[in-house]
>>> print(open('entry-v3.pdb').read())   # PDB, C-alpha atoms
ATOM      1  CA  MET A   1       0.000   0.000   0.000
ATOM      2  CA  ASN A   2       1.587   3.251  -1.173
ATOM      3  CA  ILE A   3       0.640   6.907  -0.948
ATOM      4  CA  SER A   4      -1.539   7.599  -3.995
ATOM      5  CA  ASN A   5       0.095   9.479  -6.805
ATOM      6  CA  THR A   6      -2.725  11.954  -7.426
ATOM      7  CA  PRO A   7      -2.760  14.840  -9.942
ATOM      8  CA  SER A   8      -2.668  18.547  -9.074
ATOM      9  CA  PRO A   9      -5.844  19.757  -7.352
ATOM     10  CA  PRO A  10      -8.693  20.191  -7.780
ATOM     11  CA  TYR A  11      -9.940  16.601  -7.636
ATOM     12  CA  PHE A  12     -12.211  14.752  -5.192
ATOM     13  CA  ALA A  13     -11.784  12.473  -2.176
ATOM     14  CA  VAL A  14     -14.182  10.112  -0.421
ATOM     15  CA  ILE A  15     -13.188   9.555   3.201
ATOM     16  CA  PHE A  16     -14.757   6.311   4.436
ATOM     17  CA  THR A  17     -14.264   5.724   8.173
ATOM     18  CA  SER A  18     -15.663   2.573   9.762
ATOM     19  CA  LYS A  19     -15.869   0.315  12.785
ATOM     20  CA  LEU A  20     -16.404  -3.386  12.180
ATOM     21  CA  ASN A  21     -18.586  -5.706  14.226
ATOM     22  CA  GLU A  22     -16.604  -8.010  16.538
ATOM     23  CA  ASP A  23     -17.516 -10.870  14.243
ATOM     24  CA  ALA A  24     -17.113 -10.016  10.527
ATOM     25  CA  PRO A  25     -15.805 -13.267   8.974
ATOM     26  CA  ASP A  26     -16.128 -12.673   5.214
ATOM     27  CA  TYR A  27     -15.333  -8.976   5.348
ATOM     28  CA  GLU A  28     -11.839  -9.203   3.902
ATOM     29  CA  ALA A  29     -12.936 -11.198   0.847
ATOM     30  CA  LEU A  30     -15.671  -8.668   0.064
ATOM     31  CA  SER A  31     -13.316  -5.773   0.710
ATOM     32  CA  ASN A  32     -10.715  -7.198  -1.697
ATOM     33  CA  GLN A  33     -13.424  -7.737  -4.300
ATOM     34  CA  MET A  34     -14.462  -4.076  -4.019
ATOM     35  CA  VAL A  35     -10.837  -2.940  -4.363
ATOM     36  CA  GLU A  36     -10.542  -4.827  -7.660
ATOM     37  CA  LEU A  37     -13.861  -3.372  -8.845
ATOM     38  CA  VAL A  38     -13.151   0.243  -7.858
ATOM     39  CA  LYS A  39      -9.849   0.208  -9.765
ATOM     40  CA  GLN A  40     -11.801  -0.345 -12.981
ATOM     41  CA  GLN A  41     -14.099   2.635 -12.477
ATOM     42  CA  SER A  42     -13.966   5.643 -14.740
ATOM     43  CA  GLY A  43     -12.428   8.663 -12.991
ATOM     44  CA  PHE A  44     -10.800   6.588 -10.202
ATOM     45  CA  LEU A  45      -7.397   8.070  -9.264
ATOM     46  CA  GLY A  46      -6.230   5.876  -6.370
ATOM     47  CA  PHE A  47      -6.932   4.857  -2.792
ATOM     48  CA  GLU A  48      -5.225   4.653   0.592
ATOM     49  CA  SER A  49      -6.311   2.417   3.437
ATOM     50  CA  ALA A  50      -5.377   1.481   7.024
ATOM     51  CA  ARG A  51      -7.240  -0.234   9.846
ATOM     52  CA  GLU A  52      -6.556  -0.358  13.582
ATOM     53  CA  GLU A  53      -9.424   0.195  16.005
ATOM     54  CA  LEU A  54     -10.860   2.389  13.253
ATOM     55  CA  GLY A  55     -10.659   1.685   9.524
ATOM     56  CA  ILE A  56      -9.957   4.598   7.178
ATOM     57  CA  THR A  57     -10.125   4.280   3.411
ATOM     58  CA  VAL A  58      -9.689   7.360   1.241
ATOM     59  CA  SER A  59     -10.435   7.043  -2.469
ATOM     60  CA  TYR A  60      -9.551   9.770  -4.966
ATOM     61  CA  TRP A  61     -11.639  10.719  -7.981
ATOM     62  CA  LYS A  62     -11.440  12.971 -11.006
ATOM     63  CA  ASP A  63     -14.867  14.534 -10.454
ATOM     64  CA  GLU A  64     -18.148  14.191  -8.581
ATOM     65  CA  ALA A  65     -19.862  12.421 -11.491
ATOM     66  CA  SER A  66     -17.363   9.538 -11.135
ATOM     67  CA  ILE A  67     -18.158   9.263  -7.404
ATOM     68  CA  LEU A  68     -21.896   9.230  -8.099
ATOM     69  CA  ASN A  69     -21.383   6.600 -10.767
ATOM     70  CA  TRP A  70     -19.447   4.354  -8.372
ATOM     71  CA  SER A  71     -22.043   4.809  -5.630
ATOM     72  CA  THR A  72     -24.740   3.460  -7.963
ATOM     73  CA  ASN A  73     -22.705   0.503  -9.332
ATOM     74  CA  LEU A  74     -24.863  -2.601  -8.750
ATOM     75  CA  GLU A  75     -22.127  -4.854  -7.312
ATOM     76  CA  HIS A  76     -21.051  -2.004  -5.071
ATOM     77  CA  GLN A  77     -24.612  -1.447  -3.901
ATOM     78  CA  GLU A  78     -24.928  -5.138  -3.025
ATOM     79  CA  ALA A  79     -21.659  -4.873  -1.056
ATOM     80  CA  GLN A  80     -23.022  -1.798   0.752
ATOM     81  CA  ARG A  81     -26.156  -3.752   1.679
ATOM     82  CA  LEU A  82     -24.076  -6.680   2.997
ATOM     83  CA  GLY A  83     -21.812  -4.247   4.827
ATOM     84  CA  LYS A  84     -24.718  -2.713   6.732
ATOM     85  CA  GLU A  85     -26.314  -6.089   7.419
ATOM     86  CA  LYS A  86     -23.211  -8.044   8.470
ATOM     87  CA  PHE A  87     -19.984  -6.107   8.843
ATOM     88  CA  TYR A  88     -20.210  -2.528  10.004
ATOM     89  CA  LYS A  89     -20.984  -1.374  13.495
ATOM     90  CA  SER A  90     -20.860   2.206  12.210
ATOM     91  CA  TYR A  91     -19.411   4.246   9.404
ATOM     92  CA  ALA A  92     -19.134   7.779   8.052
ATOM     93  CA  ILE A  93     -18.687   8.810   4.420
ATOM     94  CA  ARG A  94     -17.424  12.283   3.632
ATOM     95  CA  ILE A  95     -17.252  13.603   0.076
ATOM     96  CA  CYS A  96     -14.649  16.294  -0.351
ATOM     97  CA  LYS A  97     -13.074  18.554  -2.909
ATOM     98  CA  VAL A  98      -9.287  18.485  -2.605
ATOM     99  CA  GLU A  99      -8.166  22.086  -2.920
ATOM    100  CA  ARG A 100      -4.439  21.961  -2.109
ATOM    101  CA  SER A 101      -1.802  19.291  -1.632
ATOM    102  CA  TYR A 102       1.820  18.928  -0.535
ATOM    103  CA  SER A 103       4.125  15.969  -0.449
ATOM    104  CA  PHE A 104       7.463  15.030   1.058
ATOM    105  CA  GLN A 105       9.904  12.331   0.033
ATOM    106  CA  ASN A 106      12.997  11.592   2.103
ATOM    107  CA  GLN A 107      16.173  11.525  -0.004
TER
ATOM    108  CA  MET B   1     -10.573   6.053  18.675
ATOM    109  CA  ASN B   2     -14.090   6.835  17.465
ATOM    110  CA  ILE B   3     -15.551   8.174  14.248
ATOM    111  CA  SER B   4     -15.515  11.980  14.625
ATOM    112  CA  ASN B   5     -18.826  13.600  15.363
ATOM    113  CA  THR B   6     -18.529  16.431  12.832
ATOM    114  CA  PRO B   7     -21.171  19.096  12.050
ATOM    115  CA  SER B   8     -23.167  19.338   8.823
ATOM    116  CA  PRO B   9     -21.027  20.290   5.810
ATOM    117  CA  PRO B  10     -19.409  22.455   4.675
ATOM    118  CA  TYR B  11     -16.309  22.162   6.847
ATOM    119  CA  PHE B  12     -12.704  21.220   6.067
ATOM    120  CA  ALA B  13     -10.535  18.108   6.264
ATOM    121  CA  VAL B  14      -6.773  17.611   6.214
ATOM    122  CA  ILE B  15      -5.830  14.135   4.989
ATOM    123  CA  PHE B  16      -2.312  13.317   6.170
ATOM    124  CA  THR B  17      -0.963  10.046   4.720
ATOM    125  CA  SER B  18       2.511   8.874   5.695
ATOM    126  CA  LYS B  19       5.103   6.140   5.653
ATOM    127  CA  LEU B  20       7.523   5.938   8.580
ATOM    128  CA  ASN B  21      11.207   5.104   8.403
ATOM    129  CA  GLU B  22      12.034   1.578   9.574
ATOM    130  CA  ASP B  23      13.589   3.099  12.661
ATOM    131  CA  ALA B  24      11.443   5.874  14.206
ATOM    132  CA  PRO B  25      11.945   5.407  17.971
ATOM    133  CA  ASP B  26      10.453   8.581  19.488
ATOM    134  CA  TYR B  27       7.698   8.965  16.936
ATOM    135  CA  GLU B  28       4.835   7.872  19.171
ATOM    136  CA  ALA B  29       5.717  10.300  21.962
ATOM    137  CA  LEU B  30       5.838  13.218  19.511
ATOM    138  CA  SER B  31       2.649  12.068  17.828
ATOM    139  CA  ASN B  32       0.789  11.921  21.172
ATOM    140  CA  GLN B  33       2.110  15.372  22.036
ATOM    141  CA  MET B  34       0.725  16.767  18.745
ATOM    142  CA  VAL B  35      -2.659  15.120  19.395
ATOM    143  CA  GLU B  36      -2.897  16.926  22.735
ATOM    144  CA  LEU B  37      -1.860  20.199  21.107
ATOM    145  CA  VAL B  38      -4.199  19.995  18.103
ATOM    146  CA  LYS B  39      -7.208  19.410  20.376
ATOM    147  CA  GLN B  40      -6.640  22.855  21.865
ATOM    148  CA  GLN B  41      -6.645  24.652  18.515
ATOM    149  CA  SER B  42      -9.380  27.067  17.554
ATOM    150  CA  GLY B  43     -11.660  25.610  14.882
ATOM    151  CA  PHE B  44     -10.562  21.987  15.471
ATOM    152  CA  LEU B  45     -13.535  19.618  15.088
ATOM    153  CA  GLY B  46     -11.997  16.154  15.548
ATOM    154  CA  PHE B  47      -9.597  13.619  14.081
ATOM    155  CA  GLU B  48      -9.467   9.985  12.988
ATOM    156  CA  SER B  49      -6.309   7.914  12.693
ATOM    157  CA  ALA B  50      -5.117   4.408  11.750
ATOM    158  CA  ARG B  51      -1.744   2.956  10.801
ATOM    159  CA  GLU B  52      -0.787  -0.289   9.090
ATOM    160  CA  GLU B  53       1.768  -0.215   6.283
ATOM    161  CA  LEU B  54       0.452   3.296   5.640
ATOM    162  CA  GLY B  55      -0.587   5.794   8.315
ATOM    163  CA  ILE B  56      -3.687   7.892   7.673
ATOM    164  CA  THR B  57      -4.740  10.746   9.935
ATOM    165  CA  VAL B  58      -7.685  12.915   8.980
ATOM    166  CA  SER B  59      -8.308  16.069  11.002
ATOM    167  CA  TYR B  60     -11.479  18.129  10.650
ATOM    168  CA  TRP B  61     -11.659  21.901  10.847
ATOM    169  CA  LYS B  62     -14.243  24.650  10.901
ATOM    170  CA  ASP B  63     -12.563  26.725   8.191
ATOM    171  CA  GLU B  64      -9.352  27.205   6.229
ATOM    172  CA  ALA B  65      -8.127  29.964   8.537
ATOM    173  CA  SER B  66      -8.029  27.437  11.416
ATOM    174  CA  ILE B  67      -5.948  25.032   9.286
ATOM    175  CA  LEU B  68      -3.536  27.812   8.337
ATOM    176  CA  ASN B  69      -3.268  28.829  11.975
ATOM    177  CA  TRP B  70      -2.414  25.245  13.035
ATOM    178  CA  SER B  71       0.137  24.889  10.255
ATOM    179  CA  THR B  72       2.032  27.913  11.571
ATOM    180  CA  ASN B  73       1.878  26.942  15.281
ATOM    181  CA  LEU B  74       5.509  26.989  16.520
ATOM    182  CA  GLU B  75       5.443  23.673  18.398
ATOM    183  CA  HIS B  76       3.766  22.069  15.412
ATOM    184  CA  GLN B  77       6.384  23.498  13.047
ATOM    185  CA  GLU B  78       9.156  22.065  15.231
ATOM    186  CA  ALA B  79       7.377  18.677  15.122
ATOM    187  CA  GLN B  80       7.149  18.944  11.322
ATOM    188  CA  ARG B  81      10.884  19.643  11.139
ATOM    189  CA  LEU B  82      11.652  16.614  13.356
ATOM    190  CA  GLY B  83       9.245  14.499  11.329
ATOM    191  CA  LYS B  84      11.050  15.233   8.094
ATOM    192  CA  GLU B  85      14.474  14.795   9.666
ATOM    193  CA  LYS B  86      13.844  11.629  11.687
ATOM    194  CA  PHE B  87      10.494   9.896  11.180
ATOM    195  CA  TYR B  88       8.911  10.112   7.760
ATOM    196  CA  LYS B  89      10.022   8.244   4.691
ATOM    197  CA  SER B  90       7.307  10.078   2.756
ATOM    198  CA  TYR B  91       4.037  11.857   3.288
ATOM    199  CA  ALA B  92       1.205  13.631   1.487
ATOM    200  CA  ILE B  93      -1.051  16.360   2.883
ATOM    201  CA  ARG B  94      -4.337  17.092   1.149
ATOM    202  CA  ILE B  95      -6.530  20.011   2.196
ATOM    203  CA  CYS B  96     -10.168  19.464   1.347
ATOM    204  CA  LYS B  97     -13.569  21.034   1.636
ATOM    205  CA  VAL B  98     -16.105  18.487   2.896
ATOM    206  CA  GLU B  99     -19.198  18.993   0.771
ATOM    207  CA  ARG B 100     -21.464  16.092   1.748
ATOM    208  CA  SER B 101     -21.543  13.426   4.446
ATOM    209  CA  TYR B 102     -23.508  10.313   5.404
ATOM    210  CA  SER B 103     -23.334   8.072   8.417
ATOM    211  CA  PHE B 104     -24.582   4.675   9.492
ATOM    212  CA  GLN B 105     -25.046   3.255  12.982
ATOM    213  CA  ASN B 106     -26.045  -0.365  13.495
ATOM    214  CA  GLN B 107     -29.034  -0.734  15.824
TER
END
>>> encode(input="entry-v3.pdb", output="structure tokens")
Amino acid sequence: MNISNTPSPPYFAVIFTSKLNEDAPDYEALSNQMVELVKQQSGFLGFESAREELGITVSYWKDEASILNWSTNLEHQEAQRLGKEKFYKSYAIRICKVERSYSFQNQ
Amino acid sequence: MNISNTPSPPYFAVIFTSKLNEDAPDYEALSNQMVELVKQQSGFLGFESAREELGITVSYWKDEASILNWSTNLEHQEAQRLGKEKFYKSYAIRICKVERSYSFQNQ
């Protein structure tokens, strides 16, 4: 998992923060499936993910139309339904416009 | 660590994604110190954090002036200097306007 190599702003970010149920056995398989699917979406620029007590996944998008398109993808909608039914204790989704960015790379 | 209880949009988010050097011995102490300091800042609304291979910390802010103010805080600037010198292999900072949000809570 690397830091996403995103273009110059403006572009868009979806911050997905979640807590899993204590028992979420098939979560990882579904999550991996969604990663493969999201990579094929039009306007997808990259994603970054980490989970400890809290899971944070940030996906980057060219524009809001691409985000809307992904949110209505049928396989993704089925995964969202399963997520609510079986996996997530709670989550928040925040849709953002990235206005500025900086990066640092140690030499 | 809980999902931040942020107000209705619009507000702002700073997505800080990082990779640590293999050897970063005092990182956690400095990180905890910055958490205590950021909580006292004007306009600070909350933060969410997780680290695996990648570390992701998202902080939420009332407005861009509050973010600018935090970025120029002297203790924070010293921590940034130390971070670049000792702790971070690489990082990206993305400053965003949160435009929409949704949340889910399992009953």
>>> calpha_fit_and_write(input="entry-v3.pdb", fixed="chain B", moving="chain A", output="tab-separated table (two decimals) with C-alpha atoms, in the coordinates of the input")
chain	number	residue	atom	x	y	z
A	1	MET	CA	-10.56	6.05	18.68
A	2	ASN	CA	-14.08	6.82	17.46
A	3	ILE	CA	-15.54	8.19	14.25
A	4	SER	CA	-15.51	11.98	14.63
A	5	ASN	CA	-18.82	13.59	15.36
A	6	THR	CA	-18.54	16.42	12.83
A	7	PRO	CA	-21.17	19.09	12.04
A	8	SER	CA	-23.17	19.35	8.81
A	9	PRO	CA	-21.03	20.30	5.80
A	10	PRO	CA	-19.42	22.46	4.69
A	11	TYR	CA	-16.31	22.16	6.85
A	12	PHE	CA	-12.70	21.22	6.07
A	13	ALA	CA	-10.53	18.09	6.27
A	14	VAL	CA	-6.77	17.61	6.21
A	15	ILE	CA	-5.83	14.14	4.98
A	16	PHE	CA	-2.31	13.31	6.17
A	17	THR	CA	-0.96	10.05	4.72
A	18	SER	CA	2.51	8.87	5.70
A	19	LYS	CA	5.12	6.13	5.65
A	20	LEU	CA	7.52	5.94	8.58
A	21	ASN	CA	11.21	5.12	8.40
A	22	GLU	CA	12.03	1.57	9.57
A	23	ASP	CA	13.58	3.10	12.66
A	24	ALA	CA	11.44	5.87	14.21
A	25	PRO	CA	11.92	5.39	17.99
A	26	ASP	CA	10.44	8.57	19.50
A	27	TYR	CA	7.68	8.96	16.94
A	28	GLU	CA	4.82	7.87	19.17
A	29	ALA	CA	5.71	10.30	21.96
A	30	LEU	CA	5.83	13.21	19.51
A	31	SER	CA	2.64	12.06	17.83
A	32	ASN	CA	0.79	11.92	21.16
A	33	GLN	CA	2.10	15.38	22.03
A	34	MET	CA	0.73	16.75	18.75
A	35	VAL	CA	-2.66	15.12	19.40
A	36	GLU	CA	-2.91	16.92	22.74
A	37	LEU	CA	-1.87	20.20	21.11
A	38	VAL	CA	-4.20	19.98	18.10
A	39	LYS	CA	-7.21	19.40	20.38
A	40	GLN	CA	-6.65	22.86	21.87
A	41	GLN	CA	-6.64	24.65	18.52
A	42	SER	CA	-9.37	27.06	17.56
A	43	GLY	CA	-11.66	25.61	14.88
A	44	PHE	CA	-10.56	21.98	15.48
A	45	LEU	CA	-13.53	19.61	15.08
A	46	GLY	CA	-11.99	16.15	15.55
A	47	PHE	CA	-9.59	13.62	14.08
A	48	GLU	CA	-9.46	9.99	12.98
A	49	SER	CA	-6.31	7.92	12.69
A	50	ALA	CA	-5.11	4.42	11.75
A	51	ARG	CA	-1.73	2.97	10.80
A	52	GLU	CA	-0.80	-0.28	9.08
A	53	GLU	CA	1.77	-0.22	6.29
A	54	LEU	CA	0.47	3.29	5.64
A	55	GLY	CA	-0.59	5.79	8.31
A	56	ILE	CA	-3.69	7.89	7.67
A	57	THR	CA	-4.74	10.74	9.93
A	58	VAL	CA	-7.69	12.92	8.97
A	59	SER	CA	-8.31	16.07	11.00
A	60	TYR	CA	-11.49	18.13	10.65
A	61	TRP	CA	-11.67	21.91	10.85
A	62	LYS	CA	-14.26	24.65	10.90
A	63	ASP	CA	-12.58	26.72	8.19
A	64	GLU	CA	-9.37	27.21	6.23
A	65	ALA	CA	-8.13	29.97	8.55
A	66	SER	CA	-8.02	27.43	11.42
A	67	ILE	CA	-5.95	25.04	9.27
A	68	LEU	CA	-3.53	27.81	8.34
A	69	ASN	CA	-3.26	28.82	11.97
A	70	TRP	CA	-2.41	25.26	13.03
A	71	SER	CA	0.14	24.89	10.24
A	72	THR	CA	2.03	27.92	11.57
A	73	ASN	CA	1.89	26.94	15.28
A	74	LEU	CA	5.51	26.99	16.51
A	75	GLU	CA	5.45	23.66	18.40
A	76	HIS	CA	3.77	22.08	15.40
A	77	GLN	CA	6.38	23.50	13.05
A	78	GLU	CA	9.15	22.06	15.23
A	79	ALA	CA	7.38	18.68	15.12
A	80	GLN	CA	7.14	18.95	11.32
A	81	ARG	CA	10.88	19.64	11.14
A	82	LEU	CA	11.65	16.62	13.36
A	83	GLY	CA	9.23	14.51	11.34
A	84	LYS	CA	11.05	15.24	8.09
A	85	GLU	CA	14.47	14.81	9.67
A	86	LYS	CA	13.83	11.63	11.67
A	87	PHE	CA	10.51	9.90	11.17
A	88	TYR	CA	8.92	10.10	7.76
A	89	LYS	CA	10.02	8.25	4.69
A	90	SER	CA	7.30	10.08	2.75
A	91	TYR	CA	4.03	11.85	3.29
A	92	ALA	CA	1.21	13.63	1.49
A	93	ILE	CA	-1.04	16.36	2.88
A	94	ARG	CA	-4.33	17.10	1.17
A	95	ILE	CA	-6.53	20.01	2.20
A	96	CYS	CA	-10.16	19.46	1.36
A	97	LYS	CA	-13.57	21.02	1.64
A	98	VAL	CA	-16.10	18.48	2.89
A	99	GLU	CA	-19.19	18.99	0.76
A	100	ARG	CA	-21.47	16.09	1.75
A	101	SER	CA	-21.55	13.43	4.45
A	102	TYR	CA	-23.51	10.32	5.42
A	103	SER	CA	-23.32	8.08	8.42
A	104	PHE	CA	-24.58	4.68	9.50
A	105	GLN	CA	-25.04	3.27	12.97
A	106	ASN	CA	-26.04	-0.36	13.50
A	107	GLN	CA	-29.02	-0.71	15.86
>>> residues_around(input="entry-v3.pdb", residues="Phe16 of chain A", least_positions_apart="3", cutoff="6 Å", atoms="only C-alpha atoms", output="ChimeraX atom specification")
/A:56-57,92-93
>>> resolve_selection(input="entry-v3.pdb", expression="the PyMOL selection byres ((chain B and resi 23-25) around 10)", output="list in words")
Leu20, Asn21, Glu22, Asp26, Tyr27, Glu28, Ala29, Gly83, Lys86, Phe87, Tyr88 and Lys89 of chain B
>>> interface_residues(input="entry-v3.pdb", of="chain A", to="chain B", cutoff="9 Å", atoms="all atoms listed in the file", output="PyMOL selection string")
chain A and resi 1-4+12-13+15+17-19+48-58+84-85+88-107
>>> resolve_selection(input="entry-v3.pdb", expression="the PyMOL selection byres ((chain A and resi 41) around 10)", output="list of chain:residue names")
A:Glu36, A:Leu37, A:Val38, A:Lys39, A:Gln40, A:Ser42, A:Gly43, A:Phe44, A:Leu45, A:Trp61, A:Ser66, A:Ile67, A:Asn69, A:Trp70, A:Asn73
>>> write_last_selection(input="entry-v3.pdb", atoms="C-alpha atoms", output="CSV table (one decimal), in the frame of the given file")
chain,number,residue,atom,x,y,z
A,36,GLU,CA,-10.5,-4.8,-7.7
A,37,LEU,CA,-13.9,-3.4,-8.8
A,38,VAL,CA,-13.2,0.2,-7.9
A,39,LYS,CA,-9.8,0.2,-9.8
A,40,GLN,CA,-11.8,-0.3,-13.0
A,42,SER,CA,-14.0,5.6,-14.7
A,43,GLY,CA,-12.4,8.7,-13.0
A,44,PHE,CA,-10.8,6.6,-10.2
A,45,LEU,CA,-7.4,8.1,-9.3
A,61,TRP,CA,-11.6,10.7,-8.0
A,66,SER,CA,-17.4,9.5,-11.1
A,67,ILE,CA,-18.2,9.3,-7.4
A,69,ASN,CA,-21.4,6.6,-10.8
A,70,TRP,CA,-19.4,4.4,-8.4
A,73,ASN,CA,-22.7,0.5,-9.3
>>> atom_distance(input="entry-v3.pdb", atom1="atom CA of Tyr60 of chain A", atom2="atom CA of Ser31 of chain A")
17.0 Å
>>> closest_residue(input="entry-v3.pdb", among="A:Met34, A:Thr72, A:Leu82, A:Gln77", to="Ser59 of chain A", atoms="only C-alpha atoms")
A:Met34
>>> atom_distance(input="entry-v3.pdb", atom1="atom CA of Gly46 of chain A", atom2="atom CA of His76 of chain A")
16.8 Å
>>> atom_distance(input="entry-v3.pdb", atom1="atom CA of Asp63 of chain A", atom2="atom CA of Pro7 of chain B")
23.8 Å
